[in-house]
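A.B. asks: Starting off with a structure, shown below.
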Amino acid sequence: MPDLTASLIGIAVLAVATYLTRIAGYFLGSRIRQDSALSRVLETLPGAALASVLALSLSGATFIELLAVVTGAAVFLLTGRTLVGILVGLAIAVANAHWLA
Amino acid sequence: MTLPQPPADGSRPAKAWPSFCAGFQATGGLGFAAGVFGFLFGIIAMGRGFDASITVLMSAAVFAGSAQVAILELWSEPLPYFGLFLAAALVCSRHILMGVTLHDTLSANRKRPPFLTLFVLTDANWVLTRRETRVENRVAFFAGSGVAMYVAWVIGTALGAAAPGILDARTIAGMAIGGALYIAILLCIYFRGARPAKLIAPVISACITLLASRYVDASLAILAGVSAAAAVTVLREWRRA
């Protein structure tokens, strides 16, 4: 493990990198006219990025893990409660890890 | 948190506190999920030999679960600072796109950029703020939701770092799918009630990402997917014009 000083510098580097990604978009957005074609294109991309992250997360998943995610999302859509959806999905995945795998 | 400036036209600014509380409350289950992942991060980091105080400090200063998990592999002596910077920036690059779409919301009635508020930009409060149009002050709603995620994430990490042996390996392995579940629910919130045409870009992005991940690493695969989604949207805009 790195020593304390190196760890603190490492954390500072990570903090700067992640914060830059958080503020960069805001300043880019100030240069883009609302209701322009570019603005409409950019509007679609964060959702697309989240869908890509989800696809990658599920690419190595087992059938039961897929079932856990689909069931959790379906429960959320039916009940409108995020907590219930997350708990149901996690319960299936943990039960699978203990008793079914 | 930076509070909104009075509007230039002299009208009274929308009250921030009720909207802040609405954002905090709306985060609900997503905040719980952030706490669970923070808990898992604390356990995993301790399992890799991290000091408890360093683990909690990292969560408090960085506040980016996916980036923190991604850099665990790189955390060794000597620390590759440039590699850490690049890995964290790549993993969090979707926040750049989210920031672009939030500019008009976050810049309403204010002279200075909301530097502190932007620190709490996450996938969850981006989705919730984009969907929420009824609150009076969306900046405060965004901040309230972000603070809820932050508090849950840091407390979760602290609990995980304080009790690293509390969960067995099987439970941790089972809970690992929680990240995908969290994003699946975020996507449900974001696209709920959307026209089918709005789903084309994310579906194409996901498919191209899966295909690209066979040949390149995860960050580049996501970049390929998002680029494909951008190309499709540009084509659609071009046909519409």
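Quick note on naming: the chains in the structure tokens go A, B, ... in the order shown, residues restart at 1 in each chain, and ligands are numbered from 1 in order of appearance.
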Please identify all residues of chain B having at least one atom at most 7 Å from any atom of chain A, considering only C-alpha atoms, and return them as JSON, numbers by chain.

C.D. replies: {"B": [28, 29, 30, 32, 49, 58, 61, 62, 76, 77, 78, 79, 81, 84, 85, 88, 89, 92, 93, 94, 95, 96, 97, 98, 99, 100, 101, 102, 103, 118, 119, 121, 170, 171, 173, 174, 175, 177, 178, 180, 181, 182, 183, 184, 185, 201, 202, 205, 206, 209, 210, 222, 225, 226, 229, 230, 233, 234, 237]}

A.B. asks: Tell me, as number ranges by chain, which residues lie within 8 Å of Ala221 (chain B), counting only C-alpha atoms; anything in the same chain fewer than 3 positions away does not count.

C.D. replies: B: 208-213, 216-218, 224-225

A.B. asks: Write to file, as a PDB file, in the first residue's frame, the residues of the selection just made, with N, CA and C atoms.

C.D. replies:
ATOM      1  N   ILE B 208     -23.930  -1.348 -29.671  1.00  0.00           N
ATOM      2  CA  ILE B 208     -22.580  -1.086 -30.194  1.00  0.00           C
ATOM      3  C   ILE B 208     -21.548  -1.253 -29.076  1.00  0.00           C
ATOM      4  N   THR B 209     -21.908  -0.845 -27.861  1.00  0.00           N
ATOM      5  CA  THR B 209     -20.987  -1.011 -26.724  1.00  0.00           C
ATOM      6  C   THR B 209     -20.681  -2.483 -26.487  1.00  0.00           C
ATOM      7  N   LEU B 210     -21.732  -3.310 -26.515  1.00  0.00           N
ATOM      8  CA  LEU B 210     -21.521  -4.747 -26.307  1.00  0.00           C
ATOM      9  C   LEU B 210     -20.618  -5.323 -27.385  1.00  0.00           C
ATOM     10  N   LEU B 211     -20.861  -4.917 -28.625  1.00  0.00           N
ATOM     11  CA  LEU B 211     -20.055  -5.409 -29.748  1.00  0.00           C
ATOM     12  C   LEU B 211     -18.603  -4.943 -29.599  1.00  0.00           C
ATOM     13  N   ALA B 212     -18.432  -3.663 -29.306  1.00  0.00           N
ATOM     14  CA  ALA B 212     -17.076  -3.099 -29.211  1.00  0.00           C
ATOM     15  C   ALA B 212     -16.303  -3.680 -28.035  1.00  0.00           C
ATOM     16  N   SER B 213     -17.027  -4.073 -26.965  1.00  0.00           N
ATOM     17  CA  SER B 213     -16.329  -4.566 -25.767  1.00  0.00           C
ATOM     18  C   SER B 213     -15.590  -5.882 -26.030  1.00  0.00           C
ATOM     19  N   VAL B 216     -12.169  -3.893 -27.548  1.00  0.00           N
ATOM     20  CA  VAL B 216     -11.472  -2.822 -26.821  1.00  0.00           C
ATOM     21  C   VAL B 216     -11.924  -2.822 -25.360  1.00  0.00           C
ATOM     22  N   ASP B 217     -11.255  -2.005 -24.520  1.00  0.00           N
ATOM     23  CA  ASP B 217     -11.635  -2.021 -23.104  1.00  0.00           C
ATOM     24  C   ASP B 217     -12.953  -1.259 -22.864  1.00  0.00           C
ATOM     25  N   ALA B 218     -13.460  -1.354 -21.643  1.00  0.00           N
ATOM     26  CA  ALA B 218     -14.815  -0.887 -21.339  1.00  0.00           C
ATOM     27  C   ALA B 218     -15.036   0.593 -21.672  1.00  0.00           C
ATOM     28  N   ALA B 224     -17.540   4.213 -28.035  1.00  0.00           N
ATOM     29  CA  ALA B 224     -18.005   3.774 -29.362  1.00  0.00           C
ATOM     30  C   ALA B 224     -19.533   3.756 -29.401  1.00  0.00           C
ATOM     31  N   GLY B 225     -20.142   3.235 -28.335  1.00  0.00           N
ATOM     32  CA  GLY B 225     -21.600   3.160 -28.281  1.00  0.00           C
ATOM     33  C   GLY B 225     -22.244   4.536 -28.312  1.00  0.00           C
TER      34      GLY B 225
END

A.B. asks: What is the CA of Gly23 (chain B)-CA of Phe142 (chain B) distance in Å, reported with one decimal?

C.D. replies: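 Those two atoms sit 6.2 Å apart.
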
A.B. asks: Among the residues of chain A, find those DSSP assigns to helix (DSSP H, G or I) from the backbone and print them as JSON, numbers by chain.

C.D. replies: {"A": [4, 5, 6, 7, 8, 9, 10, 11, 12, 13, 14, 15, 16, 17, 18, 19, 20, 21, 22, 23, 24, 25, 26, 27, 28, 29, 37, 38, 39, 40, 41, 42, 43, 44, 45, 46, 47, 48, 49, 50, 51, 52, 53, 54, 55, 56, 57, 58, 63, 64, 65, 66, 67, 68, 69, 70, 71, 72, 73, 74, 75, 76, 77, 78, 79, 82, 83, 84, 85, 86, 87, 88, 89, 90, 91, 92, 93, 94, 95, 96, 97, 98, 99, 100]}

A.B. asks: Could you take the residues named above and write them with C-alpha atoms, as an mmCIF file, in the first residue's frame?

C.D. replies:
data_model
loop_
_atom_site.group_PDB
_atom_site.id
_atom_site.type_symbol
_atom_site.label_atom_id
_atom_site.label_comp_id
_atom_site.auth_asym_id
_atom_site.auth_seq_id
_atom_site.Cartn_x
_atom_site.Cartn_y
_atom_site.Cartn_z
ATOM 1 C CA LEU A 4 -0.076 8.419 3.678
ATOM 2 C CA THR A 5 1.337 11.284 1.586
ATOM 3 C CA ALA A 6 1.111 9.316 -1.652
ATOM 4 C CA SER A 7 -2.443 8.233 -0.776
ATOM 5 C CA LEU A 8 -3.515 11.823 -0.086
ATOM 6 C CA ILE A 9 -2.022 12.983 -3.397
ATOM 7 C CA GLY A 10 -3.781 10.067 -5.141
ATOM 8 C CA ILE A 11 -7.119 11.042 -3.619
ATOM 9 C CA ALA A 12 -6.548 14.674 -4.639
ATOM 10 C CA VAL A 13 -5.807 13.561 -8.230
ATOM 11 C CA LEU A 14 -9.013 11.502 -8.311
ATOM 12 C CA ALA A 15 -11.029 14.346 -6.816
ATOM 13 C CA VAL A 16 -9.753 16.810 -9.420
ATOM 14 C CA ALA A 17 -10.381 14.384 -12.307
ATOM 15 C CA THR A 18 -13.963 13.633 -11.276
ATOM 16 C CA TYR A 19 -14.774 17.253 -10.436
ATOM 17 C CA LEU A 20 -13.486 18.392 -13.835
ATOM 18 C CA THR A 21 -15.912 15.997 -15.533
ATOM 19 C CA ARG A 22 -18.714 17.480 -13.408
ATOM 20 C CA ILE A 23 -18.047 21.124 -14.247
ATOM 21 C CA ALA A 24 -16.782 20.737 -17.839
ATOM 22 C CA GLY A 25 -20.236 19.959 -19.212
ATOM 23 C CA TYR A 26 -21.750 23.009 -17.543
ATOM 24 C CA PHE A 27 -19.271 25.311 -19.280
ATOM 25 C CA LEU A 28 -19.657 23.513 -22.608
ATOM 26 C CA GLY A 29 -23.409 23.894 -22.250
ATOM 27 C CA ALA A 37 -29.844 20.846 -33.542
ATOM 28 C CA LEU A 38 -26.593 20.291 -31.601
ATOM 29 C CA SER A 39 -28.459 20.768 -28.331
ATOM 30 C CA ARG A 40 -31.059 18.168 -29.361
ATOM 31 C CA VAL A 41 -28.301 15.698 -30.284
ATOM 32 C CA LEU A 42 -26.486 16.245 -26.971
ATOM 33 C CA GLU A 43 -29.768 15.775 -25.061
ATOM 34 C CA THR A 44 -29.912 12.139 -26.170
ATOM 35 C CA LEU A 45 -26.354 11.194 -25.221
ATOM 36 C CA PRO A 46 -26.404 10.904 -21.398
ATOM 37 C CA GLY A 47 -29.265 8.386 -21.596
ATOM 38 C CA ALA A 48 -27.326 6.509 -24.272
ATOM 39 C CA ALA A 49 -24.221 6.500 -22.045
ATOM 40 C CA LEU A 50 -26.227 5.074 -19.129
ATOM 41 C CA ALA A 51 -27.663 2.385 -21.426
ATOM 42 C CA SER A 52 -24.111 1.487 -22.494
ATOM 43 C CA VAL A 53 -22.952 1.220 -18.882
ATOM 44 C CA LEU A 54 -25.933 -1.046 -18.130
ATOM 45 C CA ALA A 55 -25.210 -3.227 -21.166
ATOM 46 C CA LEU A 56 -21.591 -3.674 -20.082
ATOM 47 C CA SER A 57 -22.600 -4.420 -16.482
ATOM 48 C CA LEU A 58 -24.925 -7.157 -17.689
ATOM 49 C CA PHE A 63 -29.488 -15.814 -16.062
ATOM 50 C CA ILE A 64 -30.531 -15.362 -12.419
ATOM 51 C CA GLU A 65 -28.623 -12.064 -12.175
ATOM 52 C CA LEU A 66 -30.401 -10.848 -15.314
ATOM 53 C CA LEU A 67 -33.663 -11.985 -13.764
ATOM 54 C CA ALA A 68 -32.833 -10.031 -10.583
ATOM 55 C CA VAL A 69 -32.268 -6.822 -12.562
ATOM 56 C CA VAL A 70 -35.357 -7.264 -14.756
ATOM 57 C CA THR A 71 -37.547 -8.156 -11.760
ATOM 58 C CA GLY A 72 -36.246 -5.232 -9.710
ATOM 59 C CA ALA A 73 -36.917 -2.816 -12.577
ATOM 60 C CA ALA A 74 -40.378 -4.329 -13.188
ATOM 61 C CA VAL A 75 -41.277 -4.035 -9.490
ATOM 62 C CA PHE A 76 -40.201 -0.398 -9.591
ATOM 63 C CA LEU A 77 -42.356 0.254 -12.669
ATOM 64 C CA LEU A 78 -45.358 -1.427 -11.009
ATOM 65 C CA THR A 79 -45.038 0.163 -7.580
ATOM 66 C CA THR A 82 -37.255 2.707 -6.128
ATOM 67 C CA LEU A 83 -36.443 1.238 -2.725
ATOM 68 C CA VAL A 84 -38.819 -1.710 -3.229
ATOM 69 C CA GLY A 85 -37.407 -2.409 -6.704
ATOM 70 C CA ILE A 86 -33.816 -2.323 -5.453
ATOM 71 C CA LEU A 87 -34.557 -4.524 -2.410
ATOM 72 C CA VAL A 88 -36.399 -7.143 -4.499
ATOM 73 C CA GLY A 89 -33.616 -7.253 -7.101
ATOM 74 C CA LEU A 90 -30.881 -7.494 -4.459
ATOM 75 C CA ALA A 91 -32.798 -10.189 -2.550
ATOM 76 C CA ILE A 92 -32.994 -12.376 -5.668
ATOM 77 C CA ALA A 93 -29.285 -11.868 -6.453
ATOM 78 C CA VAL A 94 -28.147 -12.596 -2.881
ATOM 79 C CA ALA A 95 -30.447 -15.629 -2.580
ATOM 80 C CA ASN A 96 -28.994 -16.907 -5.833
ATOM 81 C CA ALA A 97 -25.428 -16.424 -4.583
ATOM 82 C CA HIS A 98 -26.183 -18.382 -1.388
ATOM 83 C CA TRP A 99 -28.573 -21.137 -2.347
ATOM 84 C CA LEU A 100 -28.877 -21.488 -6.086
#

A.B. asks: Please indicate the distance in Å from CA of Val69 (chain B) to CA of Phe41 (chain B), rounded to one decimal place.

C.D. replies: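 These two atoms are separated by 7.0 Å.
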
A.B. asks: What gap, in Å, lies between CA of Ala87 (chain B) and CA of Leu74 (chain B)?

C.D. replies: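 Here the two named atoms are 9.2 Å from each other.
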
A.B. asks: List the neighbours of region 164-167 of chain B out to 8 Å using only C-alpha atoms; skip same-chain residues closer than 5 positions along the sequence, and give me the result as a short mmCIF file (atom, residue, chain, number, x, y, z; two decimals) with N, CA and C atoms, in the first residue's frame.

C.D. replies:
data_model
loop_
_atom_site.label_atom_id
_atom_site.label_comp_id
_atom_site.auth_asym_id
_atom_site.auth_seq_id
_atom_site.Cartn_x
_atom_site.Cartn_y
_atom_site.Cartn_z
N GLY B 42 -16.60 0.16 0.86
CA GLY B 42 -15.82 0.16 2.10
C GLY B 42 -15.27 -1.22 2.42
N ILE B 43 -16.12 -2.23 2.27
CA ILE B 43 -15.69 -3.60 2.57
C ILE B 43 -14.60 -4.05 1.59
N ILE B 44 -14.83 -3.78 0.29
CA ILE B 44 -13.88 -4.24 -0.73
C ILE B 44 -12.53 -3.51 -0.57
N MET B 46 -11.26 -2.22 2.16
CA MET B 46 -10.57 -2.73 3.35
C MET B 46 -9.97 -4.10 3.05
N GLY B 47 -10.70 -4.90 2.26
CA GLY B 47 -10.20 -6.22 1.87
C GLY B 47 -8.93 -6.12 1.03
N ILE B 172 -21.47 -10.62 -0.79
CA ILE B 172 -20.86 -9.52 -1.55
C ILE B 172 -20.96 -9.79 -3.05
#
